[in-house]
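Accompanying notes for the structure given below.
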Protein chains: 2
Amino acid sequence: MDDPCHLKVIDVVERAGSTPERWTNFTLTRVNDCLVRMGVFEGEFHWHHHDREDEFFYVVSGRLMLDLPERTVGLAPGQGFTVPRGVEHRTRAEERTIVLMVEGHTVAPRGD
Amino acid sequence: MDDPCHLKVIDVVERAGSTPERWTNFTLTRVNDCLVRMGVFEGEFHWHHHDREDEFFYVVSGRLMLDLPERTVGLAPGQGFTVPRGVEHRTRAEERTIVLMVEGHTVAPRGD
């Protein structure tokens with residue numbers, strides 16, 4: 001059993017604020033077989049999909065555009081969306097956008 | 001493969017705002033073997049632990065107190081914390097607090 005006294009608060013907003021990059025993501029914590037990750041997005045990623053992994057996006061600040069094969073989903077702060085496994089998608093943000101992501105721990109960070 | 005055109009945006013803040021209860025939680029989406037759940041907390045839960053499941057809490061609004069055996073962790077909006085499996089904990093909120101949770105899909109919603 002982990003000692004909870006050694007565990008730290010994860011300050012998502014502060015970590016995002018201290019990151020100079022326009023496009024980055026990293027793992028905040030592992031929860032069972034999932035990872036909670038943080039993304040800072042500004043600009044456009046490439047189209048990709050994950051064969052075996054769903055991916056959940058939740059917008060903390062900014063605005064995230066999720067391009068899907070037939071439509072684009074726009075997510076404001078407080079909104080989320082799950083991209084099911086196998087579905088092509090592209091993330092895009094015109095302004096600096098902070099996103100929480102939940103995905104399987106086997107997803108390669110840069111997409112399959 | 002799911003048809004992404006049928007998938008809906010999950011408006012966490014709106015759903016929390018439309019809930020009259022002072023203490024409730026429900027599942028927003030399943031991501032692989034994890035559930036993303038939303039909690040609206042005002043008041044105090046009971047001490048409990050999950051034998052085999054970690055549990056991640058992320059505060060959307062309000063303020064969450066996480067009582068652990070040796071200390072209390074206070075979480076402001078934008079902050080998160082993972083309670084490892086096996087660790088006793090109690091959630092508590094003096095004001096209405098909206099929380100995103102990530103946990104294994106086998107966790108009983110009311111605690112073990």
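Identifiers in the structure tokens: chain A, B, ... in order shown; residue index from 1 per chain; ligand index from 1 in order shown.
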
Quick one: which residues from chain B are at most 6 Å off chain A, using only C-alpha atoms, as a PDB file with N, CA, C and O atoms, in the first residue's frame?
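What follows is the written file part01.pdb:
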ATOM      1  N   VAL B   9     -21.479  15.681 -26.852  1.00  0.00           N
ATOM      2  CA  VAL B   9     -20.629  16.437 -25.930  1.00  0.00           C
ATOM      3  C   VAL B   9     -21.179  16.245 -24.520  1.00  0.00           C
ATOM      4  O   VAL B   9     -22.390  16.241 -24.305  1.00  0.00           O
ATOM      5  N   ILE B  10     -20.282  16.066 -23.578  1.00  0.00           N
ATOM      6  CA  ILE B  10     -20.643  15.911 -22.172  1.00  0.00           C
ATOM      7  C   ILE B  10     -20.429  17.254 -21.497  1.00  0.00           C
ATOM      8  O   ILE B  10     -19.293  17.708 -21.378  1.00  0.00           O
ATOM      9  N   ASP B  11     -21.508  17.895 -21.120  1.00  0.00           N
ATOM     10  CA  ASP B  11     -21.367  19.209 -20.495  1.00  0.00           C
ATOM     11  C   ASP B  11     -21.399  19.037 -18.984  1.00  0.00           C
ATOM     12  O   ASP B  11     -22.463  19.001 -18.368  1.00  0.00           O
ATOM     13  N   VAL B  12     -20.222  18.931 -18.412  1.00  0.00           N
ATOM     14  CA  VAL B  12     -20.085  18.622 -16.986  1.00  0.00           C
ATOM     15  C   VAL B  12     -20.694  19.722 -16.133  1.00  0.00           C
ATOM     16  O   VAL B  12     -21.495  19.470 -15.226  1.00  0.00           O
ATOM     17  N   VAL B  13     -20.349  20.961 -16.448  1.00  0.00           N
ATOM     18  CA  VAL B  13     -20.797  22.078 -15.618  1.00  0.00           C
ATOM     19  C   VAL B  13     -22.315  22.231 -15.715  1.00  0.00           C
ATOM     20  O   VAL B  13     -23.002  22.439 -14.708  1.00  0.00           O
ATOM     21  N   VAL B  31     -14.130   4.937 -20.363  1.00  0.00           N
ATOM     22  CA  VAL B  31     -12.916   5.051 -21.174  1.00  0.00           C
ATOM     23  C   VAL B  31     -12.098   3.798 -20.900  1.00  0.00           C
ATOM     24  O   VAL B  31     -11.515   3.658 -19.835  1.00  0.00           O
ATOM     25  N   ASN B  32     -12.098   2.888 -21.849  1.00  0.00           N
ATOM     26  CA  ASN B  32     -11.413   1.615 -21.634  1.00  0.00           C
ATOM     27  C   ASN B  32     -11.947   0.966 -20.353  1.00  0.00           C
ATOM     28  O   ASN B  32     -13.154   0.795 -20.238  1.00  0.00           O
ATOM     29  N   ASP B  54      -7.729   2.396  -7.503  1.00  0.00           N
ATOM     30  CA  ASP B  54      -7.323   3.770  -7.251  1.00  0.00           C
ATOM     31  C   ASP B  54      -8.494   4.690  -7.621  1.00  0.00           C
ATOM     32  O   ASP B  54      -9.374   4.312  -8.395  1.00  0.00           O
ATOM     33  N   GLY B  78      -9.011  23.183 -10.381  1.00  0.00           N
ATOM     34  CA  GLY B  78      -7.775  23.012 -11.137  1.00  0.00           C
ATOM     35  C   GLY B  78      -6.784  22.077 -10.471  1.00  0.00           C
ATOM     36  O   GLY B  78      -5.719  21.813 -11.026  1.00  0.00           O
ATOM     37  N   GLN B  79      -7.141  21.561  -9.295  1.00  0.00           N
ATOM     38  CA  GLN B  79      -6.234  20.652  -8.585  1.00  0.00           C
ATOM     39  C   GLN B  79      -6.840  19.255  -8.490  1.00  0.00           C
ATOM     40  O   GLN B  79      -8.061  19.098  -8.403  1.00  0.00           O
ATOM     41  N   GLY B  80      -5.965  18.259  -8.478  1.00  0.00           N
ATOM     42  CA  GLY B  80      -6.415  16.877  -8.405  1.00  0.00           C
ATOM     43  C   GLY B  80      -5.566  16.071  -7.442  1.00  0.00           C
ATOM     44  O   GLY B  80      -4.517  16.518  -6.975  1.00  0.00           O
ATOM     45  N   PHE B  81      -6.041  14.863  -7.153  1.00  0.00           N
ATOM     46  CA  PHE B  81      -5.336  13.985  -6.217  1.00  0.00           C
ATOM     47  C   PHE B  81      -5.785  12.548  -6.478  1.00  0.00           C
ATOM     48  O   PHE B  81      -6.960  12.299  -6.730  1.00  0.00           O
TER      49      PHE B  81
END

| said: Residues of range 29-109 of chain A classed as strand (DSSP E) by DSSP on the backbone are to be reported as a ChimeraX atom specification. | reply: /A:29-31,34-44,55-61,64-67,72-75,79-83,90-104

| field | DSSP helix (DSSP H, G or I) residues within chain B, as a VMD selection string | value | chain B and resid 4 to 6 12 to 17

Based on the selection just made, write N, CA and C atoms of those residues as a tab-separated table (two decimals), in the first residue's frame.
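Printed below is again14.tsv as written:
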chain	number	residue	atom	x	y	z
B	4	PRO	N	-19.08	8.06	-34.61
B	4	PRO	CA	-18.82	9.25	-33.80
B	4	PRO	C	-19.87	10.35	-34.00
B	5	CYS	N	-20.67	10.24	-35.07
B	5	CYS	CA	-21.71	11.25	-35.31
B	5	CYS	C	-22.83	11.16	-34.28
B	6	HIS	N	-22.94	10.00	-33.63
B	6	HIS	CA	-23.99	9.84	-32.65
B	6	HIS	C	-23.53	10.21	-31.25
B	12	VAL	N	-20.22	18.93	-18.41
B	12	VAL	CA	-20.09	18.62	-16.99
B	12	VAL	C	-20.69	19.72	-16.13
B	13	VAL	N	-20.35	20.96	-16.45
B	13	VAL	CA	-20.80	22.08	-15.62
B	13	VAL	C	-22.31	22.23	-15.72
B	14	GLU	N	-22.85	22.09	-16.93
B	14	GLU	CA	-24.29	22.21	-17.10
B	14	GLU	C	-25.03	21.10	-16.35
B	15	ARG	N	-24.53	19.88	-16.45
B	15	ARG	CA	-25.19	18.76	-15.77
B	15	ARG	C	-25.16	18.94	-14.26
B	16	ALA	N	-24.05	19.44	-13.76
B	16	ALA	CA	-23.96	19.68	-12.31
B	16	ALA	C	-24.93	20.78	-11.90
B	17	GLY	N	-25.06	21.80	-12.75
B	17	GLY	CA	-25.93	22.92	-12.43
B	17	GLY	C	-27.40	22.55	-12.44
